[in-house]
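Colleague: This is work_4.cif, which holds mmCIF, N, CA and C atoms and all ligand atoms:
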```
data_final
#
loop_
_atom_site.group_PDB
_atom_site.id
_atom_site.type_symbol
_atom_site.label_atom_id
_atom_site.label_comp_id
_atom_site.auth_asym_id
_atom_site.auth_seq_id
_atom_site.Cartn_x
_atom_site.Cartn_y
_atom_site.Cartn_z
ATOM 1 N N MET N 20 134.790 85.382 139.826
ATOM 2 C CA MET N 20 136.030 86.135 139.667
ATOM 3 C C MET N 20 136.625 85.836 138.305
ATOM 4 N N THR N 21 137.458 86.754 137.875
ATOM 5 C CA THR N 21 138.171 86.556 136.618
ATOM 6 C C THR N 21 139.667 86.535 136.898
ATOM 7 N N VAL N 22 140.343 85.520 136.406
ATOM 8 C CA VAL N 22 141.796 85.445 136.523
ATOM 9 C C VAL N 22 142.367 85.845 135.174
ATOM 10 N N ARG N 23 143.170 86.906 135.190
ATOM 11 C CA ARG N 23 143.718 87.450 133.943
ATOM 12 C C ARG N 23 145.211 87.144 133.871
ATOM 13 N N ASN N 24 145.661 86.788 132.708
ATOM 14 C CA ASN N 24 147.072 86.487 132.488
ATOM 15 C C ASN N 24 147.640 87.472 131.473
ATOM 16 N N ASP N 25 148.427 88.423 131.979
ATOM 17 C CA ASP N 25 149.037 89.427 131.103
ATOM 18 C C ASP N 25 150.371 88.956 130.539
ATOM 19 N N GLY N 26 150.784 87.753 130.912
ATOM 20 C CA GLY N 26 152.098 87.258 130.485
ATOM 21 C C GLY N 26 152.095 86.720 129.063
ATOM 22 N N ASP N 27 153.298 86.363 128.605
ATOM 23 C CA ASP N 27 153.468 85.857 127.242
ATOM 24 C C ASP N 27 153.343 84.346 127.158
ATOM 25 N N THR N 28 153.198 83.695 128.308
ATOM 26 C CA THR N 28 153.025 82.240 128.292
ATOM 27 C C THR N 28 151.762 81.876 129.063
ATOM 28 N N ASP N 29 151.203 80.741 128.732
ATOM 29 C CA ASP N 29 150.002 80.280 129.432
ATOM 30 C C ASP N 29 150.302 80.108 130.924
ATOM 31 N N ALA N 30 149.331 80.381 131.751
ATOM 32 C CA ALA N 30 149.458 80.123 133.187
ATOM 33 C C ALA N 30 148.557 78.937 133.510
ATOM 34 N N VAL N 31 149.106 78.007 134.274
ATOM 35 C CA VAL N 31 148.347 76.801 134.591
ATOM 36 C C VAL N 31 148.016 76.788 136.084
ATOM 37 N N LEU N 32 146.742 76.948 136.373
ATOM 38 C CA LEU N 32 146.271 76.892 137.751
ATOM 39 C C LEU N 32 146.248 75.433 138.181
ATOM 40 N N THR N 33 146.932 75.128 139.277
ATOM 41 C CA THR N 33 147.027 73.732 139.699
ATOM 42 C C THR N 33 146.257 73.447 140.977
ATOM 43 N N GLY N 34 145.805 74.495 141.637
ATOM 44 C CA GLY N 34 145.055 74.252 142.863
ATOM 45 C C GLY N 34 144.741 75.554 143.565
ATOM 46 N N ALA N 35 143.917 75.451 144.597
ATOM 47 C CA ALA N 35 143.566 76.607 145.394
ATOM 48 C C ALA N 35 143.376 76.137 146.822
ATOM 49 N N SER N 36 143.574 77.067 147.754
ATOM 50 C CA SER N 36 143.366 76.723 149.149
ATOM 51 C C SER N 36 142.900 77.962 149.894
ATOM 52 N N SER N 37 142.242 77.718 150.998
ATOM 53 C CA SER N 37 141.777 78.814 151.830
ATOM 54 C C SER N 37 141.609 78.297 153.249
ATOM 55 N N PRO N 38 142.053 79.098 154.235
ATOM 56 C CA PRO N 38 141.841 78.672 155.616
ATOM 57 C C PRO N 38 140.353 78.613 155.971
ATOM 58 N N SER N 39 139.490 79.200 155.148
ATOM 59 C CA SER N 39 138.054 79.238 155.432
ATOM 60 C C SER N 39 137.267 78.159 154.693
ATOM 61 N N CYS N 40 137.956 77.245 154.025
ATOM 62 C CA CYS N 40 137.265 76.307 153.137
ATOM 63 C C CYS N 40 137.521 74.832 153.417
ATOM 64 N N GLY N 41 138.398 74.514 154.326
ATOM 65 C CA GLY N 41 138.814 73.131 154.386
ATOM 66 C C GLY N 41 139.599 72.842 153.125
ATOM 67 N N MET N 42 138.954 72.183 152.181
ATOM 68 C CA MET N 42 139.614 71.875 150.917
ATOM 69 C C MET N 42 138.936 72.676 149.802
ATOM 70 N N VAL N 43 139.710 73.081 148.804
ATOM 71 C CA VAL N 43 139.134 73.771 147.641
ATOM 72 C C VAL N 43 139.380 72.918 146.411
ATOM 73 N N MET N 44 138.295 72.621 145.686
ATOM 74 C CA MET N 44 138.426 71.807 144.482
ATOM 75 C C MET N 44 138.272 72.687 143.241
ATOM 76 N N LEU N 45 138.991 72.323 142.183
ATOM 77 C CA LEU N 45 138.801 72.983 140.893
ATOM 78 C C LEU N 45 137.728 72.196 140.145
ATOM 79 N N HIS N 46 136.659 72.880 139.786
ATOM 80 C CA HIS N 46 135.536 72.204 139.136
ATOM 81 C C HIS N 46 135.112 72.937 137.879
ATOM 82 N N LYS N 47 134.432 72.195 137.030
ATOM 83 C CA LYS N 47 133.786 72.798 135.874
ATOM 84 C C LYS N 47 132.395 72.204 135.757
ATOM 85 N N SER N 48 131.402 73.055 135.691
ATOM 86 C CA SER N 48 130.028 72.589 135.475
ATOM 87 C C SER N 48 129.768 72.512 133.992
ATOM 88 N N GLU N 49 129.084 71.450 133.595
ATOM 89 C CA GLU N 49 128.737 71.321 132.179
ATOM 90 C C GLU N 49 127.331 70.804 132.066
ATOM 91 N N ASP N 50 126.675 71.269 131.050
ATOM 92 C CA ASP N 50 125.320 70.825 130.796
ATOM 93 C C ASP N 50 125.396 69.772 129.703
ATOM 94 N N SER N 51 125.246 68.490 130.052
ATOM 95 C CA SER N 51 125.291 67.482 129.007
ATOM 96 C C SER N 51 123.899 66.893 128.860
ATOM 97 N N SER N 52 123.295 67.158 127.748
ATOM 98 C CA SER N 52 121.929 66.737 127.407
ATOM 99 C C SER N 52 120.952 66.953 128.565
ATOM 100 N N GLY N 53 120.906 68.195 129.035
ATOM 101 C CA GLY N 53 119.938 68.561 130.044
ATOM 102 C C GLY N 53 120.322 68.207 131.465
ATOM 103 N N MET N 54 121.412 67.440 131.621
ATOM 104 C CA MET N 54 121.868 67.074 132.960
ATOM 105 C C MET N 54 123.057 67.935 133.353
ATOM 106 N N ALA N 55 122.922 68.634 134.457
ATOM 107 C CA ALA N 55 124.038 69.443 134.933
ATOM 108 C C ALA N 55 125.072 68.525 135.576
ATOM 109 N N MET N 56 126.293 68.620 135.105
ATOM 110 C CA MET N 56 127.362 67.780 135.633
ATOM 111 C C MET N 56 128.506 68.647 136.128
ATOM 112 N N MET N 57 129.207 68.137 137.122
ATOM 113 C CA MET N 57 130.348 68.854 137.654
ATOM 114 C C MET N 57 131.569 67.976 137.491
ATOM 115 N N MET N 58 132.587 68.512 136.846
ATOM 116 C CA MET N 58 133.791 67.725 136.613
ATOM 117 C C MET N 58 134.951 68.254 137.445
ATOM 118 N N ASP N 59 135.739 67.324 137.960
ATOM 119 C CA ASP N 59 136.972 67.669 138.649
ATOM 120 C C ASP N 59 138.014 68.073 137.620
ATOM 121 N N MET N 60 138.666 69.194 137.825
ATOM 122 C CA MET N 60 139.731 69.616 136.926
ATOM 123 C C MET N 60 141.054 69.503 137.675
ATOM 124 N N GLN N 61 142.022 68.834 137.074
ATOM 125 C CA GLN N 61 143.351 68.784 137.702
ATOM 126 C C GLN N 61 144.047 70.132 137.550
ATOM 127 N N THR N 62 143.852 70.747 136.394
ATOM 128 C CA THR N 62 144.432 72.061 136.120
ATOM 129 C C THR N 62 143.444 72.869 135.286
ATOM 130 N N ILE N 63 143.589 74.179 135.345
ATOM 131 C CA ILE N 63 142.818 75.072 134.480
ATOM 132 C C ILE N 63 143.821 76.046 133.868
ATOM 133 N N THR N 64 143.855 76.095 132.536
ATOM 134 C CA THR N 64 144.841 76.933 131.862
ATOM 135 C C THR N 64 144.280 78.316 131.577
ATOM 136 N N ILE N 65 145.013 79.327 132.015
ATOM 137 C CA ILE N 65 144.659 80.706 131.677
ATOM 138 C C ILE N 65 145.595 81.121 130.545
ATOM 139 N N PRO N 66 145.053 81.294 129.341
ATOM 140 C CA PRO N 66 145.911 81.519 128.178
ATOM 141 C C PRO N 66 146.697 82.831 128.290
ATOM 142 N N ALA N 67 147.865 82.858 127.640
ATOM 143 C CA ALA N 67 148.674 84.072 127.594
ATOM 144 C C ALA N 67 147.827 85.221 127.059
ATOM 145 N N HIS N 68 147.908 86.360 127.693
ATOM 146 C CA HIS N 68 147.131 87.552 127.315
ATOM 147 C C HIS N 68 145.635 87.256 127.253
ATOM 148 N N GLY N 69 145.197 86.346 128.105
ATOM 149 C CA GLY N 69 143.785 85.991 128.143
ATOM 150 C C GLY N 69 143.292 85.930 129.568
ATOM 151 N N SER N 70 142.097 85.412 129.720
ATOM 152 C CA SER N 70 141.537 85.314 131.065
ATOM 153 C C SER N 70 140.553 84.150 131.131
ATOM 154 N N VAL N 71 140.305 83.706 132.339
ATOM 155 C CA VAL N 71 139.285 82.691 132.592
ATOM 156 C C VAL N 71 138.378 83.235 133.688
ATOM 157 N N THR N 72 137.085 83.153 133.463
ATOM 158 C CA THR N 72 136.127 83.621 134.464
ATOM 159 C C THR N 72 135.544 82.432 135.212
ATOM 160 N N PHE N 73 135.547 82.549 136.525
ATOM 161 C CA PHE N 73 134.958 81.529 137.391
ATOM 162 C C PHE N 73 133.577 82.020 137.761
ATOM 163 N N GLN N 74 132.562 81.210 137.481
ATOM 164 C CA GLN N 74 131.195 81.654 137.721
ATOM 165 C C GLN N 74 130.273 80.441 137.765
ATOM 166 N N PRO N 75 129.075 80.628 138.315
ATOM 167 C CA PRO N 75 128.115 79.516 138.346
ATOM 168 C C PRO N 75 127.869 78.994 136.926
ATOM 169 N N GLY N 76 127.830 77.691 136.773
ATOM 170 C CA GLY N 76 127.564 77.096 135.470
ATOM 171 C C GLY N 76 128.809 76.893 134.631
ATOM 172 N N GLY N 77 129.974 77.254 135.159
ATOM 173 C CA GLY N 77 131.208 77.077 134.405
ATOM 174 C C GLY N 77 132.321 76.663 135.346
ATOM 175 N N TYR N 78 133.507 77.182 135.087
ATOM 176 C CA TYR N 78 134.603 76.924 136.016
ATOM 177 C C TYR N 78 134.268 77.523 137.372
ATOM 178 N N HIS N 79 134.566 76.792 138.413
ATOM 179 C CA HIS N 79 134.424 77.359 139.752
ATOM 180 C C HIS N 79 135.381 76.677 140.724
ATOM 181 N N LEU N 80 135.633 77.376 141.807
ATOM 182 C CA LEU N 80 136.416 76.803 142.904
ATOM 183 C C LEU N 80 135.412 76.404 143.961
ATOM 184 N N MET N 81 135.437 75.146 144.351
ATOM 185 C CA MET N 81 134.430 74.667 145.282
ATOM 186 C C MET N 81 135.019 74.499 146.677
ATOM 187 N N CYS N 82 134.379 75.219 147.567
ATOM 188 C CA CYS N 82 134.787 75.268 148.962
ATOM 189 C C CYS N 82 134.106 74.084 149.673
ATOM 190 N N MET N 83 134.879 73.070 150.083
ATOM 191 C CA MET N 83 134.271 71.841 150.567
ATOM 192 C C MET N 83 133.751 71.940 152.006
ATOM 193 N N SER N 84 134.392 72.708 152.849
ATOM 194 C CA SER N 84 133.926 72.868 154.229
ATOM 195 C C SER N 84 133.928 74.345 154.600
ATOM 196 N N PRO N 85 132.976 75.091 154.029
ATOM 197 C CA PRO N 85 133.009 76.539 154.229
ATOM 198 C C PRO N 85 132.830 76.934 155.695
ATOM 199 N N ALA N 86 133.686 77.808 156.163
ATOM 200 C CA ALA N 86 133.569 78.377 157.501
ATOM 201 C C ALA N 86 133.635 79.890 157.332
ATOM 202 N N MET N 87 132.497 80.468 156.989
ATOM 203 C CA MET N 87 132.454 81.900 156.678
ATOM 204 C C MET N 87 131.008 82.355 156.744
ATOM 205 N N LYS N 88 130.815 83.655 156.810
ATOM 206 C CA LYS N 88 129.451 84.165 156.770
ATOM 207 C C LYS N 88 129.390 85.360 155.833
ATOM 208 N N LEU N 89 128.171 85.709 155.451
ATOM 209 C CA LEU N 89 127.971 86.834 154.543
ATOM 210 C C LEU N 89 128.679 88.062 155.089
ATOM 211 N N GLY N 90 129.339 88.788 154.219
ATOM 212 C CA GLY N 90 130.020 90.000 154.633
ATOM 213 C C GLY N 90 131.470 89.787 155.027
ATOM 214 N N ASP N 91 131.849 88.527 155.255
ATOM 215 C CA ASP N 91 133.245 88.236 155.556
ATOM 216 C C ASP N 91 134.103 88.457 154.317
ATOM 217 N N THR N 92 135.384 88.584 154.549
ATOM 218 C CA THR N 92 136.358 88.522 153.465
ATOM 219 C C THR N 92 137.302 87.379 153.801
ATOM 220 N N VAL N 93 137.448 86.451 152.872
ATOM 221 C CA VAL N 93 138.293 85.291 153.157
ATOM 222 C C VAL N 93 139.510 85.296 152.230
ATOM 223 N N LYS N 94 140.576 84.711 152.727
ATOM 224 C CA LYS N 94 141.799 84.593 151.929
ATOM 225 C C LYS N 94 141.698 83.383 151.023
ATOM 226 N N LEU N 95 142.112 83.566 149.797
ATOM 227 C CA LEU N 95 142.091 82.485 148.820
ATOM 228 C C LEU N 95 143.444 82.484 148.113
ATOM 229 N N THR N 96 144.124 81.358 148.184
ATOM 230 C CA THR N 96 145.443 81.258 147.552
ATOM 231 C C THR N 96 145.351 80.391 146.304
ATOM 232 N N LEU N 97 145.815 80.941 145.201
ATOM 233 C CA LEU N 97 145.817 80.219 143.925
ATOM 234 C C LEU N 97 147.235 79.747 143.639
ATOM 235 N N SER N 98 147.376 78.470 143.310
ATOM 236 C CA SER N 98 148.698 77.906 143.020
ATOM 237 C C SER N 98 148.833 77.657 141.528
ATOM 238 N N PHE N 99 149.994 77.986 141.006
ATOM 239 C CA PHE N 99 150.233 77.856 139.568
ATOM 240 C C PHE N 99 151.465 77.005 139.300
ATOM 241 N N GLN N 100 151.452 76.358 138.133
ATOM 242 C CA GLN N 100 152.631 75.657 137.664
ATOM 243 C C GLN N 100 153.623 76.727 137.197
ATOM 244 N N ASP N 101 154.869 76.622 137.580
ATOM 245 C CA ASP N 101 155.920 77.527 137.092
ATOM 246 C C ASP N 101 155.663 79.004 137.374
ATOM 247 N N ALA N 102 154.891 79.305 138.405
ATOM 248 C CA ALA N 102 154.685 80.710 138.778
ATOM 249 C C ALA N 102 154.366 80.751 140.262
ATOM 250 N N PRO N 103 154.714 81.852 140.906
ATOM 251 C CA PRO N 103 154.447 81.931 142.339
ATOM 252 C C PRO N 103 152.954 81.913 142.656
ATOM 253 N N ALA N 104 152.624 81.384 143.824
ATOM 254 C CA ALA N 104 151.228 81.386 144.261
ATOM 255 C C ALA N 104 150.777 82.816 144.508
ATOM 256 N N MET N 105 149.474 83.010 144.458
ATOM 257 C CA MET N 105 148.902 84.345 144.589
ATOM 258 C C MET N 105 147.751 84.262 145.591
ATOM 259 N N THR N 106 147.774 85.150 146.573
ATOM 260 C CA THR N 106 146.690 85.157 147.554
ATOM 261 C C THR N 106 145.825 86.386 147.334
ATOM 262 N N VAL N 107 144.538 86.161 147.248
ATOM 263 C CA VAL N 107 143.602 87.273 147.042
ATOM 264 C C VAL N 107 142.603 87.299 148.202
ATOM 265 N N ALA N 108 141.978 88.444 148.391
ATOM 266 C CA ALA N 108 140.931 88.588 149.404
ATOM 267 C C ALA N 108 139.589 88.466 148.691
ATOM 268 N N ALA N 109 138.784 87.488 149.108
ATOM 269 C CA ALA N 109 137.515 87.226 148.433
ATOM 270 C C ALA N 109 136.349 87.595 149.346
ATOM 271 N N PRO N 110 135.518 88.537 148.911
ATOM 272 C CA PRO N 110 134.336 88.873 149.710
ATOM 273 C C PRO N 110 133.294 87.767 149.638
ATOM 274 N N VAL N 111 132.595 87.541 150.727
ATOM 275 C CA VAL N 111 131.579 86.495 150.782
ATOM 276 C C VAL N 111 130.205 87.092 150.477
ATOM 277 N N TYR N 112 129.623 86.637 149.366
ATOM 278 C CA TYR N 112 128.280 87.059 148.960
ATOM 279 C C TYR N 112 127.338 85.874 149.088
ATOM 280 N N GLY N 113 126.051 86.142 149.042
ATOM 281 C CA GLY N 113 125.066 85.076 149.023
ATOM 282 C C GLY N 113 124.927 84.486 147.629
ATOM 283 N N ALA N 114 123.982 83.584 147.484
ATOM 284 C CA ALA N 114 123.801 82.877 146.212
ATOM 285 C C ALA N 114 123.436 83.809 145.070
ATOM 286 N N GLN N 115 122.933 84.995 145.373
ATOM 287 C CA GLN N 115 122.543 85.927 144.310
ATOM 288 C C GLN N 115 123.751 86.691 143.768
ATOM 289 N N GLY N 116 124.902 86.533 144.352
ATOM 290 C CA GLY N 116 126.088 87.222 143.883
ATOM 291 C C GLY N 116 126.272 88.561 144.551
ATOM 292 N N ALA N 117 127.061 89.406 143.921
ATOM 293 C CA ALA N 117 127.405 90.707 144.511
ATOM 294 C C ALA N 117 126.155 91.553 144.717
ATOM 295 N N PRO N 118 126.045 92.217 145.882
ATOM 296 C CA PRO N 118 124.876 93.064 146.125
ATOM 297 C C PRO N 118 124.863 94.293 145.215
HETATM 298 CU CU CU X 201 131.831 72.204 142.112
#
```
Translate the structure described by the file into structure tokens.
Modeller:
Amino acid sequence: MTVRNDGDTDAVLTGASSPSCGMVMLHKSEDSSGMAMMMDMQTITIPAHGSVTFQPGGYHLMCMSPAMKLGDTVKLTLSFQDAPAMTVAAPVYGAQGAP
């Protein structure tokens, strides 16, 4: 997914939650000298008039206890510093991504 910020100030994502995930962690995958590493992010900044894309190999939201199946749509709530939380409907795809 891509989170877009049309505002004049940076938006700071501070967390995410979903009733279908148990806990949701903010992560970033990085390739450091051939080793794939996953880092915990306390916050992820979406720059003013910019966007951040969550995708395999980069920023992602990690669902720690997934309770969902292919074809489901799950609720995902994004929490921001100094901005109201936002709930989106996320379709559940397999590892290959969108059909
Ligand atoms: Cu992760």
Colleague: So the first atom is atom C of Val43 of chain N and the second is atom CA of Ile65 of chain N; what is the distance between them in Å, to one decimal place?
Modeller: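 Answer for the atom C of Val43 of chain N to atom CA of Ile65 of chain N separation: 17.5 Å.
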Colleague: Run DSSP on the backbone of this structure and report the residues of chain N it assigns to strand (DSSP E or B), as a CSV table (one decimal) with N, CA and C atoms, in the coordinates of the input.
Modeller:
```csv
chain,number,residue,atom,x,y,z
N,21,THR,N,137.5,86.8,137.9
N,21,THR,CA,138.2,86.6,136.6
N,21,THR,C,139.7,86.5,136.9
N,22,VAL,N,140.3,85.5,136.4
N,22,VAL,CA,141.8,85.4,136.5
N,22,VAL,C,142.4,85.8,135.2
N,23,ARG,N,143.2,86.9,135.2
N,23,ARG,CA,143.7,87.4,133.9
N,23,ARG,C,145.2,87.1,133.9
N,24,ASN,N,145.7,86.8,132.7
N,24,ASN,CA,147.1,86.5,132.5
N,24,ASN,C,147.6,87.5,131.5
N,30,ALA,N,149.3,80.4,131.8
N,30,ALA,CA,149.5,80.1,133.2
N,30,ALA,C,148.6,78.9,133.5
N,31,VAL,N,149.1,78.0,134.3
N,31,VAL,CA,148.3,76.8,134.6
N,31,VAL,C,148.0,76.8,136.1
N,32,LEU,N,146.7,76.9,136.4
N,32,LEU,CA,146.3,76.9,137.8
N,32,LEU,C,146.2,75.4,138.2
N,33,THR,N,146.9,75.1,139.3
N,33,THR,CA,147.0,73.7,139.7
N,33,THR,C,146.3,73.4,141.0
N,34,GLY,N,145.8,74.5,141.6
N,34,GLY,CA,145.1,74.3,142.9
N,34,GLY,C,144.7,75.6,143.6
N,35,ALA,N,143.9,75.5,144.6
N,35,ALA,CA,143.6,76.6,145.4
N,35,ALA,C,143.4,76.1,146.8
N,36,SER,N,143.6,77.1,147.8
N,36,SER,CA,143.4,76.7,149.1
N,36,SER,C,142.9,78.0,149.9
N,43,VAL,N,139.7,73.1,148.8
N,43,VAL,CA,139.1,73.8,147.6
N,43,VAL,C,139.4,72.9,146.4
N,44,MET,N,138.3,72.6,145.7
N,44,MET,CA,138.4,71.8,144.5
N,44,MET,C,138.3,72.7,143.2
N,45,LEU,N,139.0,72.3,142.2
N,45,LEU,CA,138.8,73.0,140.9
N,45,LEU,C,137.7,72.2,140.1
N,46,HIS,N,136.7,72.9,139.8
N,46,HIS,CA,135.5,72.2,139.1
N,46,HIS,C,135.1,72.9,137.9
N,47,LYS,N,134.4,72.2,137.0
N,47,LYS,CA,133.8,72.8,135.9
N,47,LYS,C,132.4,72.2,135.8
N,48,SER,N,131.4,73.1,135.7
N,48,SER,CA,130.0,72.6,135.5
N,48,SER,C,129.8,72.5,134.0
N,49,GLU,N,129.1,71.4,133.6
N,49,GLU,CA,128.7,71.3,132.2
N,49,GLU,C,127.3,70.8,132.1
N,50,ASP,N,126.7,71.3,131.0
N,50,ASP,CA,125.3,70.8,130.8
N,50,ASP,C,125.4,69.8,129.7
N,51,SER,N,125.2,68.5,130.1
N,51,SER,CA,125.3,67.5,129.0
N,51,SER,C,123.9,66.9,128.9
N,54,MET,N,121.4,67.4,131.6
N,54,MET,CA,121.9,67.1,133.0
N,54,MET,C,123.1,67.9,133.4
N,55,ALA,N,122.9,68.6,134.5
N,55,ALA,CA,124.0,69.4,134.9
N,55,ALA,C,125.1,68.5,135.6
N,56,MET,N,126.3,68.6,135.1
N,56,MET,CA,127.4,67.8,135.6
N,56,MET,C,128.5,68.6,136.1
N,57,MET,N,129.2,68.1,137.1
N,57,MET,CA,130.3,68.9,137.7
N,57,MET,C,131.6,68.0,137.5
N,58,MET,N,132.6,68.5,136.8
N,58,MET,CA,133.8,67.7,136.6
N,58,MET,C,135.0,68.3,137.4
N,59,ASP,N,135.7,67.3,138.0
N,59,ASP,CA,137.0,67.7,138.6
N,59,ASP,C,138.0,68.1,137.6
N,63,ILE,N,143.6,74.2,135.3
N,63,ILE,CA,142.8,75.1,134.5
N,63,ILE,C,143.8,76.0,133.9
N,64,THR,N,143.9,76.1,132.5
N,64,THR,CA,144.8,76.9,131.9
N,64,THR,C,144.3,78.3,131.6
N,65,ILE,N,145.0,79.3,132.0
N,65,ILE,CA,144.7,80.7,131.7
N,65,ILE,C,145.6,81.1,130.5
N,69,GLY,N,145.2,86.3,128.1
N,69,GLY,CA,143.8,86.0,128.1
N,69,GLY,C,143.3,85.9,129.6
N,70,SER,N,142.1,85.4,129.7
N,70,SER,CA,141.5,85.3,131.1
N,70,SER,C,140.6,84.2,131.1
N,71,VAL,N,140.3,83.7,132.3
N,71,VAL,CA,139.3,82.7,132.6
N,71,VAL,C,138.4,83.2,133.7
N,72,THR,N,137.1,83.2,133.5
N,72,THR,CA,136.1,83.6,134.5
N,72,THR,C,135.5,82.4,135.2
N,78,TYR,N,133.5,77.2,135.1
N,78,TYR,CA,134.6,76.9,136.0
N,78,TYR,C,134.3,77.5,137.4
N,79,HIS,N,134.6,76.8,138.4
N,79,HIS,CA,134.4,77.4,139.8
N,79,HIS,C,135.4,76.7,140.7
N,80,LEU,N,135.6,77.4,141.8
N,80,LEU,CA,136.4,76.8,142.9
N,80,LEU,C,135.4,76.4,144.0
N,81,MET,N,135.4,75.1,144.4
N,81,MET,CA,134.4,74.7,145.3
N,81,MET,C,135.0,74.5,146.7
N,82,CYS,N,134.4,75.2,147.6
N,82,CYS,CA,134.8,75.3,149.0
N,82,CYS,C,134.1,74.1,149.7
N,92,THR,N,135.4,88.6,154.5
N,92,THR,CA,136.4,88.5,153.5
N,92,THR,C,137.3,87.4,153.8
N,93,VAL,N,137.4,86.5,152.9
N,93,VAL,CA,138.3,85.3,153.2
N,93,VAL,C,139.5,85.3,152.2
N,94,LYS,N,140.6,84.7,152.7
N,94,LYS,CA,141.8,84.6,151.9
N,94,LYS,C,141.7,83.4,151.0
N,95,LEU,N,142.1,83.6,149.8
N,95,LEU,CA,142.1,82.5,148.8
N,95,LEU,C,143.4,82.5,148.1
N,96,THR,N,144.1,81.4,148.2
N,96,THR,CA,145.4,81.3,147.6
N,96,THR,C,145.4,80.4,146.3
N,97,LEU,N,145.8,80.9,145.2
N,97,LEU,CA,145.8,80.2,143.9
N,97,LEU,C,147.2,79.7,143.6
N,98,SER,N,147.4,78.5,143.3
N,98,SER,CA,148.7,77.9,143.0
N,98,SER,C,148.8,77.7,141.5
N,99,PHE,N,150.0,78.0,141.0
N,99,PHE,CA,150.2,77.9,139.6
N,99,PHE,C,151.5,77.0,139.3
N,100,GLN,N,151.5,76.4,138.1
N,100,GLN,CA,152.6,75.7,137.7
N,100,GLN,C,153.6,76.7,137.2
N,102,ALA,N,154.9,79.3,138.4
N,102,ALA,CA,154.7,80.7,138.8
N,102,ALA,C,154.4,80.8,140.3
N,103,PRO,N,154.7,81.9,140.9
N,103,PRO,CA,154.4,81.9,142.3
N,103,PRO,C,153.0,81.9,142.7
N,104,ALA,N,152.6,81.4,143.8
N,104,ALA,CA,151.2,81.4,144.3
N,104,ALA,C,150.8,82.8,144.5
N,105,MET,N,149.5,83.0,144.5
N,105,MET,CA,148.9,84.3,144.6
N,105,MET,C,147.8,84.3,145.6
N,106,THR,N,147.8,85.2,146.6
N,106,THR,CA,146.7,85.2,147.6
N,106,THR,C,145.8,86.4,147.3
N,107,VAL,N,144.5,86.2,147.2
N,107,VAL,CA,143.6,87.3,147.0
N,107,VAL,C,142.6,87.3,148.2
N,108,ALA,N,142.0,88.4,148.4
N,108,ALA,CA,140.9,88.6,149.4
N,108,ALA,C,139.6,88.5,148.7
N,109,ALA,N,138.8,87.5,149.1
N,109,ALA,CA,137.5,87.2,148.4
N,109,ALA,C,136.3,87.6,149.3
N,110,PRO,N,135.5,88.5,148.9
N,110,PRO,CA,134.3,88.9,149.7
N,110,PRO,C,133.3,87.8,149.6
N,113,GLY,N,126.1,86.1,149.0
N,113,GLY,CA,125.1,85.1,149.0
N,113,GLY,C,124.9,84.5,147.6
N,116,GLY,N,124.9,86.5,144.4
N,116,GLY,CA,126.1,87.2,143.9
N,116,GLY,C,126.3,88.6,144.6
```
Colleague: For the provided coordinates, the residues matched by the PyMOL selection byres (((not hetatm) and name CA) within 8 of (chain X and resi 201)) should be stated as a JSON list (two decimals) with N, CA and C atoms, in the coordinates of the input.
Modeller:
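The resulting file, selection38.json, is shown below:
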```
[["chain", "number", "residue", "atom", "x", "y", "z"],
["N", 44, "MET", "N", 138.29, 72.62, 145.69],
["N", 44, "MET", "CA", 138.43, 71.81, 144.48],
["N", 44, "MET", "C", 138.27, 72.69, 143.24],
["N", 45, "LEU", "N", 138.99, 72.32, 142.18],
["N", 45, "LEU", "CA", 138.80, 72.98, 140.89],
["N", 45, "LEU", "C", 137.73, 72.20, 140.15],
["N", 46, "HIS", "N", 136.66, 72.88, 139.79],
["N", 46, "HIS", "CA", 135.54, 72.20, 139.14],
["N", 46, "HIS", "C", 135.11, 72.94, 137.88],
["N", 47, "LYS", "N", 134.43, 72.19, 137.03],
["N", 47, "LYS", "CA", 133.79, 72.80, 135.87],
["N", 47, "LYS", "C", 132.40, 72.20, 135.76],
["N", 48, "SER", "N", 131.40, 73.06, 135.69],
["N", 48, "SER", "CA", 130.03, 72.59, 135.48],
["N", 48, "SER", "C", 129.77, 72.51, 133.99],
["N", 57, "MET", "N", 129.21, 68.14, 137.12],
["N", 57, "MET", "CA", 130.35, 68.85, 137.65],
["N", 57, "MET", "C", 131.57, 67.98, 137.49],
["N", 58, "MET", "N", 132.59, 68.51, 136.85],
["N", 58, "MET", "CA", 133.79, 67.72, 136.61],
["N", 58, "MET", "C", 134.95, 68.25, 137.44],
["N", 59, "ASP", "N", 135.74, 67.32, 137.96],
["N", 59, "ASP", "CA", 136.97, 67.67, 138.65],
["N", 59, "ASP", "C", 138.01, 68.07, 137.62],
["N", 79, "HIS", "N", 134.57, 76.79, 138.41],
["N", 79, "HIS", "CA", 134.42, 77.36, 139.75],
["N", 79, "HIS", "C", 135.38, 76.68, 140.72],
["N", 80, "LEU", "N", 135.63, 77.38, 141.81],
["N", 80, "LEU", "CA", 136.42, 76.80, 142.90],
["N", 80, "LEU", "C", 135.41, 76.40, 143.96],
["N", 81, "MET", "N", 135.44, 75.15, 144.35],
["N", 81, "MET", "CA", 134.43, 74.67, 145.28],
["N", 81, "MET", "C", 135.02, 74.50, 146.68]]
```
Colleague: Expanded to explicit residues, what is the PyMOL selection byres (((chain N and resi 107 and name CA) around 12) and not hetatm and name CA) for this file, as a PyMOL selection string?
Modeller: chain N and resi 20-22+35-37+92-98+104-106+108-110
Colleague: Could you tell me how far atom CA of Gly41 of chain N sits from atom CA of Pro85 of chain N, in Å to one decimal place?
Modeller: 6.7 Å
Colleague: Gly90 of chain N: which residues within 12 Å, counting only C-alpha atoms, same-chain residues fewer than 5 positions away excluded, as a ChimeraX atom specification?
Modeller: /N:109-113,116-118
